$ cat structure15.cif   # mmCIF, C-alpha atoms, pLDDT in the B column; chains and numbers go by the auth columns
data_entry
loop_
_atom_site.group_PDB
_atom_site.id
_atom_site.type_symbol
_atom_site.label_atom_id
_atom_site.label_comp_id
_atom_site.label_asym_id
_atom_site.label_seq_id
_atom_site.Cartn_x
_atom_site.Cartn_y
_atom_site.Cartn_z
_atom_site.B_iso_or_equiv
_atom_site.auth_seq_id
_atom_site.auth_asym_id
ATOM 1 C CA GLU A 1 -11.313 -44.883 -0.325 61.00 710 C
ATOM 2 C CA ALA A 2 -12.567 -41.560 -1.726 65.00 711 C
ATOM 3 C CA ALA A 3 -15.365 -43.327 -3.572 66.00 712 C
ATOM 4 C CA ASP A 4 -16.317 -45.226 -0.431 71.00 713 C
ATOM 5 C CA SER A 5 -16.419 -42.043 1.675 80.00 714 C
ATOM 6 C CA LEU A 6 -18.516 -40.291 -0.972 82.00 715 C
ATOM 7 C CA GLU A 7 -20.921 -43.196 -1.038 83.00 716 C
ATOM 8 C CA VAL A 8 -21.201 -43.081 2.736 86.00 717 C
ATOM 9 C CA ARG A 9 -21.964 -39.384 2.661 85.00 718 C
ATOM 10 C CA MET A 10 -24.602 -39.796 -0.028 88.00 719 C
ATOM 11 C CA THR A 11 -26.227 -42.570 1.955 89.00 720 C
ATOM 12 C CA ALA A 12 -26.232 -40.426 5.101 90.00 721 C
ATOM 13 C CA MET A 13 -27.782 -37.478 3.276 93.00 722 C
ATOM 14 C CA GLN A 14 -30.519 -39.732 1.901 93.00 723 C
ATOM 15 C CA GLN A 15 -31.222 -41.002 5.400 95.00 724 C
ATOM 16 C CA TYR A 16 -31.456 -37.450 6.794 95.00 725 C
ATOM 17 C CA ARG A 17 -33.882 -36.460 4.033 96.00 726 C
ATOM 18 C CA LEU A 18 -35.981 -39.547 4.782 96.00 727 C
ATOM 19 C CA ALA A 19 -35.921 -38.690 8.496 97.00 728 C
ATOM 20 C CA ILE A 20 -37.101 -35.146 7.750 97.00 729 C
ATOM 21 C CA ARG A 21 -40.133 -36.558 5.930 97.00 730 C
ATOM 22 C CA LYS A 22 -40.974 -38.852 8.828 97.00 731 C
ATOM 23 C CA TYR A 23 -40.592 -36.051 11.412 97.00 732 C
ATOM 24 C CA SER A 24 -42.765 -33.812 9.268 97.00 733 C
ATOM 25 C CA ASP A 25 -45.467 -36.462 9.247 97.00 734 C
ATOM 26 C CA ALA A 26 -45.162 -36.858 13.007 97.00 735 C
ATOM 27 C CA ILE A 27 -45.357 -33.092 13.580 97.00 736 C
ATOM 28 C CA GLN A 28 -48.621 -32.967 11.681 96.00 737 C
ATOM 29 C CA LEU A 29 -49.993 -35.522 14.123 96.00 738 C
ATOM 30 C CA THR A 30 -48.533 -34.004 17.331 96.00 739 C
ATOM 31 C CA PRO A 31 -47.439 -30.394 16.647 96.00 740 C
ATOM 32 C CA GLN A 32 -47.012 -29.634 20.385 97.00 741 C
ATOM 33 C CA ASN A 33 -44.172 -32.136 20.799 97.00 742 C
ATOM 34 C CA HIS A 34 -41.027 -30.001 21.152 97.00 743 C
ATOM 35 C CA ARG A 35 -38.717 -32.975 20.610 97.00 744 C
ATOM 36 C CA LEU A 36 -40.084 -33.634 17.122 97.00 745 C
ATOM 37 C CA TRP A 37 -39.273 -30.038 16.136 98.00 746 C
ATOM 38 C CA SER A 38 -35.757 -30.234 17.574 97.00 747 C
ATOM 39 C CA ASN A 39 -35.058 -33.592 15.904 97.00 748 C
ATOM 40 C CA ARG A 40 -36.136 -32.266 12.541 97.00 749 C
ATOM 41 C CA ALA A 41 -33.966 -29.187 13.170 97.00 750 C
ATOM 42 C CA LEU A 42 -31.038 -31.527 13.835 96.00 751 C
ATOM 43 C CA CYS A 43 -31.591 -33.229 10.459 97.00 752 C
ATOM 44 C CA HIS A 44 -31.614 -29.836 8.720 97.00 753 C
ATOM 45 C CA ALA A 45 -28.323 -29.000 10.458 96.00 754 C
ATOM 46 C CA ALA A 46 -26.750 -32.221 9.149 95.00 755 C
ATOM 47 C CA LEU A 47 -27.723 -31.156 5.630 96.00 756 C
ATOM 48 C CA LYS A 48 -26.492 -27.578 6.341 95.00 757 C
ATOM 49 C CA GLN A 49 -29.977 -26.197 5.781 96.00 758 C
ATOM 50 C CA TRP A 50 -29.420 -23.544 8.454 97.00 759 C
ATOM 51 C CA ASP A 51 -32.494 -21.402 7.860 96.00 760 C
ATOM 52 C CA GLN A 52 -34.865 -24.370 8.324 97.00 761 C
ATOM 53 C CA CYS A 53 -32.792 -25.573 11.263 97.00 762 C
ATOM 54 C CA ARG A 54 -33.200 -22.168 12.975 97.00 763 C
ATOM 55 C CA GLU A 55 -36.958 -22.127 12.414 97.00 764 C
ATOM 56 C CA ASP A 56 -37.532 -25.624 13.808 98.00 765 C
ATOM 57 C CA GLY A 57 -35.205 -25.007 16.760 97.00 766 C
ATOM 58 C CA LEU A 58 -36.966 -21.756 17.594 97.00 767 C
ATOM 59 C CA ARG A 59 -40.328 -23.538 17.451 97.00 768 C
ATOM 60 C CA SER A 60 -39.094 -26.135 19.959 97.00 769 C
ATOM 61 C CA THR A 61 -37.998 -23.381 22.419 97.00 770 C
ATOM 62 C CA GLN A 62 -41.426 -21.751 22.095 96.00 771 C
ATOM 63 C CA LEU A 63 -43.024 -25.010 23.152 97.00 772 C
ATOM 64 C CA LYS A 64 -40.499 -25.541 25.978 96.00 773 C
ATOM 65 C CA SER A 65 -38.528 -22.441 27.013 95.00 774 C
ATOM 66 C CA ASP A 66 -35.901 -24.287 29.089 95.00 775 C
ATOM 67 C CA PHE A 67 -35.129 -26.839 26.351 97.00 776 C
ATOM 68 C CA SER A 68 -31.319 -26.633 25.975 96.00 777 C
ATOM 69 C CA LYS A 69 -31.118 -28.615 22.725 96.00 778 C
ATOM 70 C CA GLY A 70 -33.520 -26.271 20.939 97.00 779 C
ATOM 71 C CA TRP A 71 -31.589 -23.139 22.031 97.00 780 C
ATOM 72 C CA PHE A 72 -28.343 -24.772 20.957 97.00 781 C
ATOM 73 C CA LEU A 73 -29.656 -25.446 17.426 97.00 782 C
ATOM 74 C CA VAL A 74 -31.038 -21.903 17.098 97.00 783 C
ATOM 75 C CA ALA A 75 -27.742 -20.297 18.131 97.00 784 C
ATOM 76 C CA LYS A 76 -25.651 -22.614 15.945 97.00 785 C
ATOM 77 C CA ALA A 77 -27.834 -21.914 12.905 97.00 786 C
ATOM 78 C CA MET A 78 -27.427 -18.150 13.428 97.00 787 C
ATOM 79 C CA TRP A 79 -23.666 -18.589 13.735 96.00 788 C
ATOM 80 C CA LYS A 80 -23.404 -20.638 10.539 96.00 789 C
ATOM 81 C CA GLU A 81 -25.512 -18.079 8.694 95.00 790 C
ATOM 82 C CA GLY A 82 -22.868 -15.472 9.574 93.00 791 C
ATOM 83 C CA SER A 83 -24.699 -13.688 12.431 94.00 792 C
ATOM 84 C CA ARG A 84 -22.179 -14.199 15.219 94.00 793 C
ATOM 85 C CA SER A 85 -23.421 -11.298 17.327 93.00 794 C
ATOM 86 C CA ALA A 86 -27.032 -12.525 17.086 95.00 795 C
ATOM 87 C CA ALA A 87 -25.929 -16.036 18.048 96.00 796 C
ATOM 88 C CA LEU A 88 -24.100 -14.728 21.130 96.00 797 C
ATOM 89 C CA LYS A 89 -27.160 -12.724 22.188 96.00 798 C
ATOM 90 C CA GLN A 90 -29.341 -15.798 21.748 96.00 799 C
ATOM 91 C CA ILE A 91 -26.965 -17.821 23.944 97.00 800 C
ATOM 92 C CA GLU A 92 -27.098 -15.162 26.676 96.00 801 C
ATOM 93 C CA VAL A 93 -30.895 -15.387 26.645 95.00 802 C
ATOM 94 C CA ALA A 94 -30.794 -19.183 26.784 96.00 803 C
ATOM 95 C CA LEU A 95 -28.336 -19.278 29.709 96.00 804 C
ATOM 96 C CA ARG A 96 -30.928 -17.551 31.909 95.00 805 C
ATOM 97 C CA LEU A 97 -33.490 -20.265 31.146 95.00 806 C
ATOM 98 C CA VAL A 98 -31.794 -23.645 30.823 95.00 807 C
ATOM 99 C CA SER A 99 -30.574 -25.861 33.618 92.00 808 C
ATOM 100 C CA GLN A 100 -27.870 -27.686 31.622 91.00 809 C
ATOM 101 C CA PRO A 101 -25.846 -25.002 29.782 94.00 810 C
ATOM 102 C CA GLU A 102 -22.747 -27.109 28.936 96.00 811 C
ATOM 103 C CA ASP A 103 -23.437 -27.322 25.191 95.00 812 C
ATOM 104 C CA LEU A 104 -24.356 -23.647 25.017 96.00 813 C
ATOM 105 C CA LEU A 105 -21.167 -22.587 26.832 96.00 814 C
ATOM 106 C CA ALA A 106 -19.035 -24.701 24.500 96.00 815 C
ATOM 107 C CA LEU A 107 -20.758 -23.136 21.495 96.00 816 C
ATOM 108 C CA LYS A 108 -20.176 -19.670 22.943 96.00 817 C
ATOM 109 C CA ASP A 109 -16.449 -20.383 23.308 96.00 818 C
ATOM 110 C CA ASN A 110 -16.231 -21.516 19.682 96.00 819 C
ATOM 111 C CA ILE A 111 -17.960 -18.371 18.439 96.00 820 C
ATOM 112 C CA LEU A 112 -15.762 -16.067 20.552 95.00 821 C
ATOM 113 C CA ARG A 113 -12.634 -17.858 19.339 94.00 822 C
ATOM 114 C CA GLU A 114 -13.698 -17.303 15.735 93.00 823 C
ATOM 115 C CA VAL A 115 -14.426 -13.621 16.433 90.00 824 C
ATOM 116 C CA GLU A 116 -10.968 -13.176 17.946 92.00 825 C
ATOM 117 C CA GLU A 117 -9.285 -14.900 15.004 90.00 826 C
ATOM 118 C CA LYS A 118 -11.151 -12.675 12.537 86.00 827 C
ATOM 119 C CA ALA A 119 -10.123 -9.542 14.433 87.00 828 C
ATOM 120 C CA THR A 120 -6.479 -10.632 14.544 86.00 829 C
ATOM 121 C CA SER A 121 -6.332 -11.378 10.829 83.00 830 C
ATOM 122 C CA ARG A 122 -8.038 -8.066 10.012 80.00 831 C
ATOM 123 C CA SER A 123 -5.590 -6.035 12.107 77.00 832 C
ATOM 124 C CA SER A 124 -2.594 -7.809 10.601 73.00 833 C
ATOM 125 C CA SER A 125 -3.851 -7.125 7.074 70.00 834 C
ATOM 126 C CA LYS A 126 -4.282 -3.400 7.844 65.00 835 C
ATOM 127 C CA THR A 127 -0.726 -2.984 9.188 56.00 836 C
ATOM 128 C CA PRO A 128 1.520 -4.919 6.815 56.00 837 C
ATOM 129 C CA GLY A 129 5.292 -4.848 7.139 54.00 838 C
ATOM 130 C CA LEU A 130 7.245 -2.182 5.378 47.00 839 C
ATOM 131 C CA HIS A 131 8.468 -3.451 2.057 52.00 840 C
ATOM 132 C CA LEU A 132 10.871 -1.300 0.136 46.00 841 C
ATOM 133 C CA PRO A 133 10.503 -1.387 -3.629 51.00 842 C
ATOM 134 C CA GLN A 134 13.158 -3.354 -5.403 55.00 843 C
ATOM 135 C CA MET A 135 15.356 -1.224 -7.609 52.00 844 C
ATOM 136 C CA ARG A 136 16.741 -2.696 -10.772 54.00 845 C
ATOM 137 C CA SER A 137 20.481 -2.645 -10.661 49.00 846 C
ATOM 138 C CA ARG A 138 22.132 -0.904 -13.559 53.00 847 C
ATOM 139 C CA SER A 139 25.826 -0.437 -14.098 49.00 848 C
ATOM 140 C CA VAL A 140 26.617 3.167 -14.846 47.00 849 C
ATOM 141 C CA SER A 141 29.834 3.937 -16.672 47.00 850 C
ATOM 142 C CA PRO A 142 31.614 7.274 -16.197 45.00 851 C
ATOM 143 C CA CYS A 143 30.995 8.116 -19.834 45.00 852 C
ATOM 144 C CA ILE A 144 27.597 8.455 -21.372 48.00 853 C
ATOM 145 C CA THR A 145 26.847 5.491 -23.554 51.00 854 C
ATOM 146 C CA PRO A 146 24.567 6.475 -26.420 50.00 855 C
ATOM 147 C CA THR A 147 21.649 4.264 -27.131 53.00 856 C
ATOM 148 C CA PRO A 148 21.520 2.521 -30.494 53.00 857 C
ATOM 149 C CA GLY A 149 20.213 4.783 -33.218 53.00 858 C
ATOM 150 C CA SER A 150 20.839 7.996 -31.288 50.00 859 C
ATOM 151 C CA ARG A 151 23.213 10.725 -32.425 54.00 860 C
ATOM 152 C CA VAL A 152 25.519 12.512 -30.067 49.00 861 C
ATOM 153 C CA ALA A 153 26.241 16.144 -30.889 51.00 862 C
ATOM 154 C CA THR A 154 29.927 16.901 -31.464 52.00 863 C
ATOM 155 C CA PRO A 155 31.146 19.801 -29.269 50.00 864 C
ATOM 156 C CA PRO A 156 32.324 22.934 -31.171 54.00 865 C
ATOM 157 C CA PRO A 157 36.094 23.432 -31.543 55.00 866 C
ATOM 158 C CA VAL A 158 37.758 25.613 -28.950 51.00 867 C
ATOM 159 C CA SER A 159 39.420 28.664 -30.557 54.00 868 C
ATOM 160 C CA PRO A 160 42.819 29.705 -29.120 54.00 869 C
ATOM 161 C CA VAL A 161 42.901 32.845 -27.005 50.00 870 C
ATOM 162 C CA ARG A 162 44.964 35.596 -28.653 57.00 871 C
ATOM 163 C CA THR A 163 46.905 38.096 -26.564 51.00 872 C
ATOM 164 C CA PRO A 164 46.608 41.623 -28.006 52.00 873 C
ATOM 165 C CA SER A 165 49.931 43.232 -28.980 52.00 874 C
ATOM 166 C CA ARG A 166 51.109 46.609 -27.754 52.00 875 C
ATOM 167 C CA THR A 167 50.607 48.198 -31.168 48.00 876 C
ATOM 168 C CA SER A 168 46.998 47.068 -31.285 48.00 877 C
ATOM 169 C CA GLN A 169 46.497 48.246 -27.728 48.00 878 C
ATOM 170 C CA ALA A 170 47.923 51.681 -28.605 46.00 879 C
ATOM 171 C CA ALA A 171 45.714 51.900 -31.685 47.00 880 C
ATOM 172 C CA ALA A 172 42.711 50.846 -29.663 46.00 881 C
ATOM 173 C CA GLU A 173 43.271 53.500 -26.998 49.00 882 C
ATOM 174 C CA PRO A 174 41.562 56.815 -27.878 48.00 883 C
ATOM 175 C CA SER A 175 43.769 59.916 -28.144 48.00 884 C
ATOM 176 C CA SER A 176 43.185 62.412 -25.348 46.00 885 C
ATOM 177 C CA GLY A 177 44.378 65.467 -27.383 48.00 886 C
ATOM 178 C CA ARG A 178 47.227 66.227 -24.991 51.00 887 C
ATOM 179 C CA ALA A 179 50.870 66.777 -26.043 50.00 888 C
ATOM 180 C CA PRO A 180 53.142 63.949 -25.252 48.00 889 C
ATOM 181 C CA SER A 181 55.083 64.383 -22.052 50.00 890 C
ATOM 182 C CA THR A 182 58.857 64.759 -21.741 49.00 891 C
ATOM 183 C CA SER A 183 59.213 61.201 -20.633 50.00 892 C
ATOM 184 C CA SER A 184 57.334 60.045 -23.665 48.00 893 C
ATOM 185 C CA ARG A 185 59.535 62.210 -25.936 48.00 894 C
ATOM 186 C CA LYS A 186 62.631 60.728 -24.357 48.00 895 C
ATOM 187 C CA ARG A 187 61.303 57.243 -24.921 51.00 896 C
ATOM 188 C CA SER A 188 60.599 58.078 -28.563 45.00 897 C
ATOM 189 C CA THR A 189 64.091 59.592 -29.018 46.00 898 C
ATOM 190 C CA SER A 190 65.769 56.627 -27.504 46.00 899 C
ATOM 191 C CA ARG A 191 63.813 54.364 -29.771 48.00 900 C
ATOM 192 C CA THR A 192 64.628 56.264 -33.043 46.00 901 C
ATOM 193 C CA GLY A 193 68.269 57.197 -32.144 49.00 902 C
ATOM 194 C CA LYS A 194 67.885 60.900 -33.295 51.00 903 C
ATOM 195 C CA LEU A 195 68.173 64.102 -31.214 52.00 904 C
ATOM 196 C CA PRO A 196 65.259 66.484 -31.161 56.00 905 C
ATOM 197 C CA ALA A 197 65.539 69.790 -33.129 60.00 906 C
ATOM 198 C CA MET A 198 67.278 72.734 -31.236 59.00 907 C
ATOM 199 C CA PRO A 199 65.081 75.722 -30.507 65.00 908 C
ATOM 200 C CA ALA A 200 65.877 78.957 -32.523 69.00 909 C
ATOM 201 C CA HIS A 201 66.876 81.149 -29.536 64.00 910 C
ATOM 202 C CA VAL A 202 69.287 78.509 -28.314 58.00 911 C
ATOM 203 C CA ALA A 203 70.863 78.286 -31.790 63.00 912 C
ATOM 204 C CA ARG A 204 71.361 82.055 -31.938 67.00 913 C
ATOM 205 C CA ALA A 205 73.056 82.072 -28.536 60.00 914 C
ATOM 206 C CA PHE A 206 75.507 79.410 -29.662 57.00 915 C
ATOM 207 C CA ALA A 207 76.208 81.516 -32.797 62.00 916 C
ATOM 208 C CA VAL A 208 77.091 84.622 -30.735 55.00 917 C
ATOM 209 C CA PHE A 209 79.484 82.655 -28.544 53.00 918 C
ATOM 210 C CA GLY A 210 81.111 81.309 -31.612 53.00 919 C
ATOM 211 C CA GLU A 211 81.700 84.778 -33.085 49.00 920 C
ATOM 212 C CA GLU A 212 83.392 86.042 -29.862 45.00 921 C
ATOM 213 C CA ASP A 213 85.885 83.185 -29.960 44.00 922 C
#
$ encode --input "structure15.cif" --output "structure tokens"
Amino acid sequence: EAADSLEVRMTAMQQYRLAIRKYSDAIQLTPQNHRLWSNRALCHAALKQWDQCREDGLRSTQLKSDFSKGWFLVAKAMWKEGSRSAALKQIEVALRLVSQPEDLLALKDNILREVEEKATSRSSSKTPGLHLPQMRSRSVSPCITPTPGSRVATPPPVSPVRTPSRTSQAAAEPSSGRAPSTSSRKRSTSRTGKLPAMPAHVARAFAVFGEED
């Protein structure tokens, strides 16, 4: 079936090319015939030769300004060449001149539909939906797992805290140069177990009392 359809298309293209040659010969004989120009423009349109189609269609409208078929081919060729705005302007000009605008109005609707579809697709491409980036899941253990080949530094040993003794505290305190107080002397006496030496005047008084007895 594909081969048959291709053969049909090739045959049709050959026929259109042959028709273009015949219309060209006829135009040389009667160049003022607007229908010959429009028919050759139609053959160019079948072969998608839009620039030649536009030129022949425009020539037919110059020969007959209210010729609807010629205006239709000119506007369609402009549309297929990518000039939608120019095609719409050409249709507006033709609608003021022709008496049977059905084909032109249908072509205008097709062009406007394409313009609307292009605008919709352009606006949708400018405002895409919000897509959050996908994060790779990774299980994290409470302990740090070293990577292969890496070395983890060993923490230094914790030294025990030593409480300073009273002797070291007393040695560390600077001497103020003052005589020890009575309370301190009592504490020292109680610690050694010996009485302090008796003053000389007190000893003499005890000696006098002893002699009287």
$ residues_near_point --input "structure15.cif" --point "(-20.4, -17.4, 25.5)" --cutoff "12 Å" --atoms "all atoms listed in the file" --output "JSON, numbers by chain"
{"C": [781, 784, 793, 794, 795, 796, 797, 798, 799, 800, 801, 802, 803, 804, 810, 811, 812, 813, 814, 815, 816, 817, 818, 819, 820, 821, 822, 823, 824]}
$ atom_distance --input "structure15.cif" --atom1 "atom CA of Ala728 of chain C" --atom2 "atom CA of Ala750 of chain C"
10.8 Å
$ axis_aligned_box --input "structure15.cif" --around "segment 760-771 of chain C" --padding-each-side "5 Å" --output "lines of an AutoDock Vina configuration file"
center_x = -37.0
center_y = -23.8
center_z = 15.1
size_x = 18.9
size_y = 14.7
size_z = 24.6
$ closest_residue --input "structure15.cif" --among "C:Trp759, C:Trp788, C:Tyr725, C:Phe776" --to "Asn742 of chain C" --atoms "all atoms listed in the file"
C:Phe776
$ resolve_selection --input "structure15.cif" --expression "the PyMOL selection byres ((chain C and resi 755) around 12)" --output "MDAnalysis selection string"
chainID C and resid 718 721:726 728:729 748:754 756:759 761:762 782 785:786
$ resolve_selection --input "structure15.cif" --expression "the PyMOL selection byres ((chain C and resi 769) around 9)" --output "list of chain:residue names"
C:Gln741, C:Asn742, C:His743, C:Arg744, C:Leu745, C:Trp746, C:Ser747, C:Glu764, C:Asp765, C:Gly766, C:Leu767, C:Arg768, C:Thr770, C:Gln771, C:Leu772, C:Lys773, C:Ser774, C:Phe776, C:Lys778, C:Gly779, C:Trp780
$ atom_distance --input "structure15.cif" --atom1 "atom CA of Gly791 of chain C" --atom2 "atom CA of Arg763 of chain C"
12.8 Å
$ atom_distance --input "structure15.cif" --atom1 "atom CA of Asp760 of chain C" --atom2 "atom CA of Arg730 of chain C"
17.1 Å
$ decode --input "structure15.cif" --residues "segment 710-734 of chain C" --atoms "N, CA, C and O atoms" --output "compact mmCIF listing (two decimals), in the first residue's frame"
# COMPACT_ATOMS: atom_id res chain seq x y z
N GLU C 710 0.84 -1.21 0.00
CA GLU C 710 0.00 0.00 0.00
C GLU C 710 0.87 1.25 0.00
O GLU C 710 0.55 2.24 -0.66
N ALA C 711 1.95 1.27 0.78
CA ALA C 711 2.83 2.43 0.81
C ALA C 711 3.46 2.69 -0.55
O ALA C 711 3.56 3.83 -0.99
N ALA C 712 3.85 1.62 -1.22
CA ALA C 712 4.44 1.78 -2.56
C ALA C 712 3.41 2.31 -3.54
O ALA C 712 3.73 3.16 -4.39
N ASP C 713 2.17 1.83 -3.41
CA ASP C 713 1.12 2.31 -4.31
C ASP C 713 0.83 3.79 -4.09
O ASP C 713 0.66 4.56 -5.05
N SER C 714 0.78 4.21 -2.79
CA SER C 714 0.50 5.62 -2.51
C SER C 714 1.66 6.51 -2.98
O SER C 714 1.43 7.62 -3.48
N LEU C 715 2.89 6.03 -2.85
CA LEU C 715 4.03 6.79 -3.32
C LEU C 715 3.99 6.93 -4.84
O LEU C 715 4.29 7.99 -5.39
N GLU C 716 3.60 5.86 -5.49
CA GLU C 716 3.51 5.91 -6.96
C GLU C 716 2.43 6.89 -7.40
O GLU C 716 2.61 7.64 -8.38
N VAL C 717 1.34 6.91 -6.65
CA VAL C 717 0.25 7.84 -6.99
C VAL C 717 0.72 9.28 -6.82
O VAL C 717 0.43 10.16 -7.65
N ARG C 718 1.44 9.53 -5.74
CA ARG C 718 1.94 10.89 -5.51
C ARG C 718 2.93 11.31 -6.58
O ARG C 718 2.91 12.46 -7.06
N MET C 719 3.82 10.42 -6.97
CA MET C 719 4.78 10.75 -8.01
C MET C 719 4.09 11.04 -9.33
O MET C 719 4.46 11.97 -10.06
N THR C 720 3.06 10.26 -9.60
CA THR C 720 2.31 10.48 -10.85
C THR C 720 1.61 11.83 -10.83
O THR C 720 1.59 12.56 -11.82
N ALA C 721 1.04 12.19 -9.64
CA ALA C 721 0.34 13.46 -9.52
C ALA C 721 1.31 14.62 -9.66
O ALA C 721 1.00 15.63 -10.33
N MET C 722 2.49 14.50 -9.06
CA MET C 722 3.47 15.58 -9.18
C MET C 722 3.92 15.76 -10.62
O MET C 722 4.10 16.89 -11.10
N GLN C 723 4.09 14.65 -11.35
CA GLN C 723 4.45 14.75 -12.76
C GLN C 723 3.36 15.44 -13.57
O GLN C 723 3.64 16.25 -14.46
N GLN C 724 2.11 15.15 -13.23
CA GLN C 724 1.00 15.78 -13.94
C GLN C 724 0.94 17.28 -13.66
O GLN C 724 0.64 18.08 -14.56
N TYR C 725 1.21 17.67 -12.38
CA TYR C 725 1.19 19.10 -12.06
C TYR C 725 2.32 19.83 -12.80
O TYR C 725 2.13 20.96 -13.28
N ARG C 726 3.49 19.20 -12.87
CA ARG C 726 4.60 19.84 -13.58
C ARG C 726 4.26 19.99 -15.08
O ARG C 726 4.58 21.01 -15.70
N LEU C 727 3.63 18.95 -15.63
CA LEU C 727 3.22 19.04 -17.04
C LEU C 727 2.18 20.13 -17.23
O LEU C 727 2.20 20.86 -18.25
N ALA C 728 1.26 20.26 -16.27
CA ALA C 728 0.23 21.30 -16.37
C ALA C 728 0.85 22.69 -16.29
O ALA C 728 0.39 23.62 -16.98
N ILE C 729 1.89 22.84 -15.44
CA ILE C 729 2.54 24.15 -15.35
C ILE C 729 3.15 24.53 -16.69
O ILE C 729 3.07 25.71 -17.11
N ARG C 730 3.74 23.58 -17.39
CA ARG C 730 4.32 23.88 -18.71
C ARG C 730 3.23 24.32 -19.70
O ARG C 730 3.41 25.29 -20.45
N LYS C 731 2.11 23.63 -19.66
CA LYS C 731 1.03 23.97 -20.60
C LYS C 731 0.45 25.34 -20.28
O LYS C 731 0.15 26.13 -21.20
N TYR C 732 0.26 25.64 -18.96
CA TYR C 732 -0.27 26.96 -18.60
C TYR C 732 0.73 28.06 -18.95
O TYR C 732 0.33 29.17 -19.37
N SER C 733 2.01 27.76 -18.82
CA SER C 733 3.02 28.75 -19.19
C SER C 733 2.95 29.05 -20.68
O SER C 733 3.07 30.23 -21.09
N ASP C 734 2.76 28.02 -21.47
CA ASP C 734 2.63 28.23 -22.91
C ASP C 734 1.38 29.05 -23.22
O ASP C 734 1.40 29.95 -24.09
